[in-house]
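Everything on this sheet refers to the single structure shown next.
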Amino acid sequence: MYRILLLLFFAAATLCAESIFTLRGVDKVYPVVDISGEKVPKSSKPAIREALDATISELGIDTAGYSDRSLAILVAEEYVGKTVLINVRLVIGEQVKRMGSDDKVFALTYQNALAFAYDKESVEEKLEDSVDELLAKFADQYAQERGTLKRVKEKGSLAASLGYETDYKTAVARAKKEHKNVMLVLVANYCPWCRKFEELVLRKEDVNALVHSKYVPVILNKEKDAFPPAFNISFTPVVHFVDPATQKAYHTVAGYNSRDEFVHWLEADKRP
């Protein structure tokens, strides 16, 4: 029953989630992942469910037992002429009272969506990116409305999982020894864009492999870690590409950049 109702709303809904929906009072949900269509890889479902569950857990939303409020990721294909689009939608569907009546109806109380053109070679990667972006936007809005903006994940967790240094001088010394440049990432305690950059860009396996092939990466919290004052600018996140011999940045990427934008610059950097 839930699947049928959610799919009906998935097909019919056209409102913009970010402008009219609130997440206040969303303390308990029933998680759902539904994939339909021949061209959407069903093998992606476990990874999507894992990402959904991780976000729910991180936000402290209760999922114990049954709830008549579903938080669902719905994936389906749609044909526009000869073009196949993959639609990815994050919705909350729940029983609510109709205005002026005690009757309850099943309604969407939150929704956000992304779509991309189908390509067999990249569909799984694009699907993963779309899910990550929708969940990141959901988490940011949830935290903002509750006045509990998520702290950027501790640099130690990123460093430990991706092999980043956490000390500037150590990174410089290692870069000189390995004949590489330093990639200095600066984040702040309360910075949704830092979190988005970490989750949607730096944590991607292909990005991390490319970073390590060319640089000695180091991530620092600009509010408490030591680094040369010249690198301290008002934006976060910010990435400085540093020549270890001169300890001067030869390029700076300020603010959030998508994975494609960031990878494009990394690949274009021919500096030894």
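Just remember, in the structure tokens the first chain shown is A, the second B, etc., residues are 1-based per chain, and ligands are 1-based in the order shown.
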* Asked: Got a sec to tell me which of range 37-251 of chain A DSSP assigns to alpha helix (DSSP H), as a PyMOL selection string?
  -> chain A and resi 45-59+123-145+155-162+168-178+192-197+205-214
Excluding Tyr215 in chain A and its own-chain neighbours fewer than 2 positions away, which residues fall within 8 Å of it when counting only C-alpha atoms? Please give them as a PDB file with C-alpha atoms, in the first residue's frame.
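As written to disk, part.pdb reads:
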ATOM      1  CA  ALA A 175      55.550  16.830   0.364  1.00  0.00           C
ATOM      2  CA  LYS A 180      54.635  16.673  -4.436  1.00  0.00           C
ATOM      3  CA  ASN A 181      52.665  19.824  -3.690  1.00  0.00           C
ATOM      4  CA  VAL A 182      50.441  20.255  -0.644  1.00  0.00           C
ATOM      5  CA  MET A 183      46.653  20.357  -0.869  1.00  0.00           C
ATOM      6  CA  VAL A 211      44.293  13.799  -4.843  1.00  0.00           C
ATOM      7  CA  HIS A 212      46.837  11.339  -3.445  1.00  0.00           C
ATOM      8  CA  SER A 213      48.438  10.753  -6.836  1.00  0.00           C
ATOM      9  CA  PRO A 217      46.579  16.460   1.393  1.00  0.00           C
TER      10      PRO A 217
END
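Using only C-alpha atoms, the shortest contact distance between Ser234 in chain A and any of A:Leu220, A:Leu200, A:Leu210, A:Ala188 is found at A:Ala188.
Between CA of Val80 in chain A and CA of Ser130 in chain A lies a distance of 19.5 Å.
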* **Nearest-residue call for Gln144 in chain A, choices A:Arg69, A:Lys82, A:Arg49, A:Arg24, using only C-alpha atoms** => A:Arg24
* To do: Identify, on the basis of only C-alpha atoms, every residue whose closest approach to Gly60 in chain A does not exceed 12 Å; exclude the query and any residue fewer than 2 positions from it along the same chain; express the result as JSON, numbers by chain.
  => {"A": [26, 27, 28, 29, 53, 54, 55, 56, 57, 58, 62, 63, 64, 139, 142, 143, 146, 148, 150]}
Would you mind exporting C-alpha atoms of the selected residues as a CSV table (one decimal), in the first residue's frame?
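Printed below is out_17.csv as written:
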chain,number,residue,atom,x,y,z
A,26,VAL,CA,9.8,15.1,12.0
A,27,ASP,CA,11.0,13.0,14.9
A,28,LYS,CA,10.0,9.5,13.7
A,29,VAL,CA,9.9,8.0,10.2
A,53,ASP,CA,19.8,5.0,7.1
A,54,ALA,CA,23.1,6.8,7.9
A,55,THR,CA,21.5,10.3,7.4
A,56,ILE,CA,18.5,9.3,9.6
A,57,SER,CA,20.9,8.0,12.3
A,58,GLU,CA,23.1,11.1,12.1
A,62,ASP,CA,13.7,7.6,15.4
A,63,THR,CA,13.0,4.6,13.1
A,64,ALA,CA,12.0,2.0,15.7
A,139,ALA,CA,20.2,17.2,6.6
A,142,TYR,CA,16.7,19.7,9.2
A,143,ALA,CA,19.5,20.9,11.4
A,146,ARG,CA,16.1,22.9,14.8
A,148,THR,CA,21.4,22.5,15.6
A,150,LYS,CA,25.6,19.9,12.2
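All residues of protein, DNA or RNA that reach within 9 Å of Arg259 in chain A, judged by only C-alpha atoms and not counting those fewer than 6 positions away in the chain, are Phe197, Leu200, Val201, Leu202, Lys204 and Val207 of chain A.
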Would you mind listing, for every residue of range 76-185 of chain A within 12 Å of range 240-252 of chain A, the two atoms forming the shortest contact and the distance between them in Å to one decimal, using only C-alpha atoms, sorted by chain and ascending residue number, as JSON lines?
{"residue": "A:Tyr168", "atom": "CA", "partner": "A:Gln247", "partner_atom": "CA", "distance": 10.4}
{"residue": "A:Lys169", "atom": "CA", "partner": "A:Pro244", "partner_atom": "CA", "distance": 9.7}
{"residue": "A:Thr170", "atom": "CA", "partner": "A:Pro244", "partner_atom": "CA", "distance": 10.9}
{"residue": "A:Ala171", "atom": "CA", "partner": "A:Pro244", "partner_atom": "CA", "distance": 8.7}
{"residue": "A:Val172", "atom": "CA", "partner": "A:Pro244", "partner_atom": "CA", "distance": 5.4}
{"residue": "A:Ala173", "atom": "CA", "partner": "A:Pro244", "partner_atom": "CA", "distance": 7.7}
{"residue": "A:Arg174", "atom": "CA", "partner": "A:Pro244", "partner_atom": "CA", "distance": 9.1}
{"residue": "A:Ala175", "atom": "CA", "partner": "A:Pro244", "partner_atom": "CA", "distance": 6.4}
{"residue": "A:Lys176", "atom": "CA", "partner": "A:Pro244", "partner_atom": "CA", "distance": 6.1}
{"residue": "A:Lys177", "atom": "CA", "partner": "A:Pro244", "partner_atom": "CA", "distance": 9.9}
{"residue": "A:Glu178", "atom": "CA", "partner": "A:Pro244", "partner_atom": "CA", "distance": 10.6}
{"residue": "A:His179", "atom": "CA", "partner": "A:Pro244", "partner_atom": "CA", "distance": 8.8}
{"residue": "A:Lys180", "atom": "CA", "partner": "A:Pro244", "partner_atom": "CA", "distance": 7.9}
{"residue": "A:Asn181", "atom": "CA", "partner": "A:Asp243", "partner_atom": "CA", "distance": 5.3}
{"residue": "A:Val182", "atom": "CA", "partner": "A:Val242", "partner_atom": "CA", "distance": 4.9}
{"residue": "A:Met183", "atom": "CA", "partner": "A:Phe241", "partner_atom": "CA", "distance": 4.8}
{"residue": "A:Leu184", "atom": "CA", "partner": "A:His240", "partner_atom": "CA", "distance": 5.0}
{"residue": "A:Val185", "atom": "CA", "partner": "A:His240", "partner_atom": "CA", "distance": 6.6}
* Asked: If you measure from CA of Glu133 in chain A to CA of Lys196 in chain A, what distance in Å do you get, rounded to one decimal?
  -> 7.9 Å
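The shortest atom-to-atom distance to Val131 in chain A, with only C-alpha atoms taken into account, belongs to A:Leu52 out of A:Leu52, A:Ala226, A:Ile92, A:Ala117.
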